[in-house]
Structure formats: structure tokens, C-alpha cells
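Remarks on the structure that follows.
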Amino acid sequence: MTEQATGHPGRGDEPPAGQRTVLVVDLDGEPLAPLPALEEILLCLGTWEDDDRQDPCADTEPLRVPAPLAGRVALAAVQRLLTDLTPTQSRRPERGRLLAPDGRYEHAPLTALTLPAADIDLLSATAAALGHPGLDPDIGELVDTHSEQLTLGYRQAEPPELVSHLARLAGLLDLAPTDDTRLLTARLRATPPGTDCVLSDAEEAAHARTADRMNHIWAHGSGIDRYLY
């Protein structure tokens with residue numbers, strides 16, 4: 001399926017160097033569910049690193065914390081993402097709805113957000129590090145413990161799901177820009193805050209293609225989940 005929207009939106013509103021403009025879909029907080037757990041994991045790792053530096057034991061090796069988990073690098077990125085992304089979820093209708101042409105039906109809200117590109121890359125690298133088969137067993141146990149406390153919808157998550165969830169969130173934030181996403185971004189940014197955004201036919205087609213791409217990343221192309229968009 002082509003990813004070209006009708007017409008060619010202008011590209012003069014490109015983000016500053018080092019920044020990335022992304023479309024974030026409101027799925028009632030589900031995409032952000034693992035970030036607090038990840039924050040706790042990274043806080044623990046930071047504390048362990050501090051302990052190793054302050055009280056090194058000659059008979060034990062210091063914890064092997066891989067990049068970007070080491071030095072609280074990933075932690076800072078996750079905390080910034082939580083701050084930036086939280087307002088995009090569970091939005092109330094008075095903040096403005098996203099409607100199909102002529103208001104025929106309502107889509108899940110979309111937010112055009114500009115984020116540091118490095119934070120998105122760090123999230124992806126963090127998921128890869130936590131899922132690496134050579135991960136230190138102590139870190140793996142920490143990940144498993146927090147995974148077991150994670151609730152996804154109405155069920156408890158399995159340990160591998162935390163890493164999978166993080167990787168899919170990074171994928172959503174790293175969605176490659178197309179004429180479709182540029183068209184939608186321009187339309188969203190031209191809509192005054194607190195007012196409904198009624199899409200044109202061209203924008204509706206662009207939305208459908210973009211939602212298909214998001215659904216493929218987030219829900220592996222699930223037809224049922226696609227209705228959430």
C-alpha cells in the first residue's frame with residue numbers, strides 16, 4: 001500500500017537539528033505503561049553503580065552495566081519521555097476531538113510532538129540492552145521482578161513483555177516521516193487548542209495509512225486493535 005497522501009504538504013516546518021517530530025496516538029495510556037517500571041529498574045541500577053563506586057569490594061566484581069543503562073544515561077532519557085508523552089494519553093474530549101470528514105465518526109486523538117531524537121534512540125537501545133541474552137543475571141532478575149508487577153490492560157505481564165513493549169513504543173516514536181505524516185502534522189498544528197479537528201478527505205486517507213503503519217508496529221497488524229485508532 002502506498003504511503004503517499006493526496007498533494008504534497010510543505011516541508012518548511014522541519015524540527016530543529018537533533019529533534020524529531022512524531023505523531024503520538026492516544027491509546028488510553030497503554031503505550032506508556034512500561035515506562036514507570038523501566039524508570040524504577042534504571043533507578044535501581046544507578047543506586048547499585050553508586051554503591052560499587054563508594055564501597056568497592058575486593059572479593060566481588062562490580063556489576064556489569066552495559067550502555068546505555070550505565071551512568072543514568074537511559075534513566076534521564078526515560079524521565080524526559082515520560083514528562084513529554086504523558087499529556088498525550090487519556091485526553092479528555094474538551095481538549096479537542098479528531099474527526100473524520102463531516103464529523104462522521106471519531107478517531108483516537110493524535111498529538112504532533114517534537115522530541116529529542118537522542119531520547120528515542122536511547123529508548124530503543126535500552127530495550128535492546130535489557131533483552132540481550134548476555135545481560136548480567138542480577139540485572140535480568142531485576143527486570144523480571146518489575147515485569148511481574150506490570151499490568152497490561154486487565155492482566156499481569158510476562159517478563160519478556162516489558163522489553164517487547166518498550167521496543168514497540170520506540171518503534172512508534174521512530175515512525176519514518178512520509179507525506180502522510182507531514183500532512184497530518186500540519187493539520188493538527190493548525191487546529192487551535194481545545195477545538196475539534198475535522199479531517200479533509202485527503203487527510204482522512206493519510207490518517208488511515210498512518211494508522212495502519214502504527215497498528216503494524218504496536219499490535220502486529222491486529223484487525224481488532226486497528227479499530228482503536
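Chain labels follow the order of the C-alpha cells: the first chain is A, the next B, and so on; residue numbering restarts at 1 in every chain, and ligands are counted from 1 in their shown order.
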
Problem - Exercise: A:Leu175 partners within 9 Å, only C-alpha atoms, chain neighbours under 2 positions left out, as a PyMOL selection string - result: chain A and resi 22-23+170-173+177+213-214+217

Spatial neighbours of stretch 81-89 of chain A, 10 Å, only C-alpha atoms, chain gap at least 4 places, as a PDB file with C-alpha atoms, in the first residue's frame:
```
ATOM      1  CA  LEU A  23       2.644  11.605  15.848  1.00  0.00           C
ATOM      2  CA  VAL A  24       1.583  10.055  19.151  1.00  0.00           C
ATOM      3  CA  VAL A  25      -1.742   8.198  19.212  1.00  0.00           C
ATOM      4  CA  ASP A  26      -3.824   8.234  22.379  1.00  0.00           C
ATOM      5  CA  LEU A  27      -4.390   4.604  23.362  1.00  0.00           C
ATOM      6  CA  ASP A  28      -5.523   5.484  26.879  1.00  0.00           C
ATOM      7  CA  GLY A  29      -2.044   5.235  28.353  1.00  0.00           C
ATOM      8  CA  GLU A  30      -1.255   1.707  27.140  1.00  0.00           C
ATOM      9  CA  PRO A  31       1.932   2.658  25.234  1.00  0.00           C
ATOM     10  CA  LEU A  32       3.391   4.324  28.335  1.00  0.00           C
ATOM     11  CA  LEU A  35       7.915   3.421  31.349  1.00  0.00           C
ATOM     12  CA  PRO A  36       7.379   3.762  35.135  1.00  0.00           C
ATOM     13  CA  GLU A  39      12.306   4.087  35.424  1.00  0.00           C
ATOM     14  CA  LEU A  75      17.258   6.992  33.060  1.00  0.00           C
ATOM     15  CA  ALA A  76      17.439  10.682  32.101  1.00  0.00           C
ATOM     16  CA  ALA A  77      16.009   9.931  28.651  1.00  0.00           C
ATOM     17  CA  ALA A 108      -8.337   8.281  18.685  1.00  0.00           C
ATOM     18  CA  PRO A 109      -6.665  11.638  19.367  1.00  0.00           C
ATOM     19  CA  LEU A 110      -3.309  12.316  17.776  1.00  0.00           C
ATOM     20  CA  THR A 111      -0.665  14.689  19.085  1.00  0.00           C
ATOM     21  CA  ALA A 112       2.138  16.123  16.963  1.00  0.00           C
ATOM     22  CA  LEU A 113       5.070  16.225  19.346  1.00  0.00           C
ATOM     23  CA  THR A 114       8.695  17.266  18.880  1.00  0.00           C
ATOM     24  CA  LEU A 115      11.106  15.152  20.924  1.00  0.00           C
ATOM     25  CA  PRO A 116      14.889  14.875  21.211  1.00  0.00           C
ATOM     26  CA  ASP A 119      15.904  10.099  23.622  1.00  0.00           C
ATOM     27  CA  ILE A 120      14.045   7.961  21.085  1.00  0.00           C
ATOM     28  CA  LEU A 123      14.798   4.058  24.388  1.00  0.00           C
TER      29      LEU A 123
END
```

Fill in the blank from the handout: re atom CA of A:Ala37 and atom CA of A:Gln54: distance 26.0 Å

Handout entry: DSSP helix (DSSP H, G or I) residues within stretch 77-223 of chain A, listed as a ChimeraX atom specification
Key = /A:77-88,93-95,101-103,117-130,137-148,159-173,179-190,201-219,223

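You will find atom CA of A:Val78 at 17.6 Å from atom CA of A:Ile139.
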
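Atom CA of A:Arg80 sits 21.9 Å away from atom CA of A:Trp48.
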
Exercise for the section: Would you list, as a PyMOL selection string, the residues of stretch 3-184 of chain A that end up in strand (DSSP E or B) under DSSP run on this structure's backbone? Expected result: chain A and resi 19-25+98-99+106-107+110-116+151-152+155-156

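For A:Val65, the set of protein, DNA and RNA residues having any atom at most 12 Å away, when counting only C-alpha atoms and skipping those fewer than 5 positions along the same chain, is Ile41, Leu42, Cys44, Leu45, Gly46, Thr47, Trp48, Glu49, Asp50, Asp52, Ala70, Gly71, Arg72, Val73, Ala74, Thr126, Ala129, Leu130, Gly134, Leu135, Asp136, Pro137, Asp138, Ile139 and Gly140 of chain A.
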
Practice task
Rank nothing, just name the residue among A:Glu106, A:Glu203, A:Asp196, A:Asp144 nearest to A:Asp179, using only C-alpha atoms.
Solution key: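 Between A:Glu106, A:Glu203, A:Asp196, A:Asp144, the residue approaching A:Asp179 most closely is A:Glu203.
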
Problem - Residue neighbourhood A:Ala128, 10 Å, only C-alpha atoms, exclusion window fewer than 4 positions, as a ChimeraX atom specification - result: /A:68,122-124,132-133,163-164,166-167

With N, CA, C and O atoms kept, could you save the residues just selected as a short mmCIF file (atom, residue, chain, number, x, y, z; two decimals), in the first residue's frame?
```cif
data_model
loop_
_atom_site.label_atom_id
_atom_site.label_comp_id
_atom_site.auth_asym_id
_atom_site.auth_seq_id
_atom_site.Cartn_x
_atom_site.Cartn_y
_atom_site.Cartn_z
N PRO A 68 23.14 1.65 27.10
CA PRO A 68 23.11 2.97 27.72
C PRO A 68 22.53 2.95 29.14
O PRO A 68 22.14 3.99 29.66
N LEU A 122 17.79 6.29 22.46
CA LEU A 122 18.17 5.68 23.73
C LEU A 122 17.12 4.69 24.22
O LEU A 122 17.46 3.66 24.81
N LEU A 123 15.85 5.00 23.99
CA LEU A 123 14.80 4.06 24.39
C LEU A 123 14.93 2.75 23.62
O LEU A 123 14.83 1.66 24.20
N SER A 124 15.19 2.86 22.33
CA SER A 124 15.37 1.65 21.51
C SER A 124 16.60 0.87 21.98
O SER A 124 16.55 -0.36 22.11
N HIS A 132 19.04 -8.41 25.76
CA HIS A 132 20.23 -9.11 25.26
C HIS A 132 20.46 -10.39 26.05
O HIS A 132 20.37 -10.39 27.29
N PRO A 133 20.74 -11.50 25.37
CA PRO A 133 20.94 -12.76 26.09
C PRO A 133 22.13 -12.75 27.03
O PRO A 133 22.20 -13.56 27.95
N VAL A 163 10.19 -5.83 27.77
CA VAL A 163 11.15 -5.47 26.74
C VAL A 163 10.45 -5.30 25.40
O VAL A 163 10.71 -4.34 24.66
N SER A 164 9.55 -6.21 25.07
CA SER A 164 8.80 -6.11 23.82
C SER A 164 8.00 -4.83 23.76
O SER A 164 7.95 -4.14 22.72
N LEU A 166 8.58 -2.00 25.33
CA LEU A 166 9.48 -0.87 25.16
C LEU A 166 9.96 -0.75 23.72
O LEU A 166 10.04 0.36 23.16
N ALA A 167 10.27 -1.89 23.11
CA ALA A 167 10.74 -1.86 21.72
C ALA A 167 9.64 -1.37 20.78
O ALA A 167 9.91 -0.61 19.84
#
```
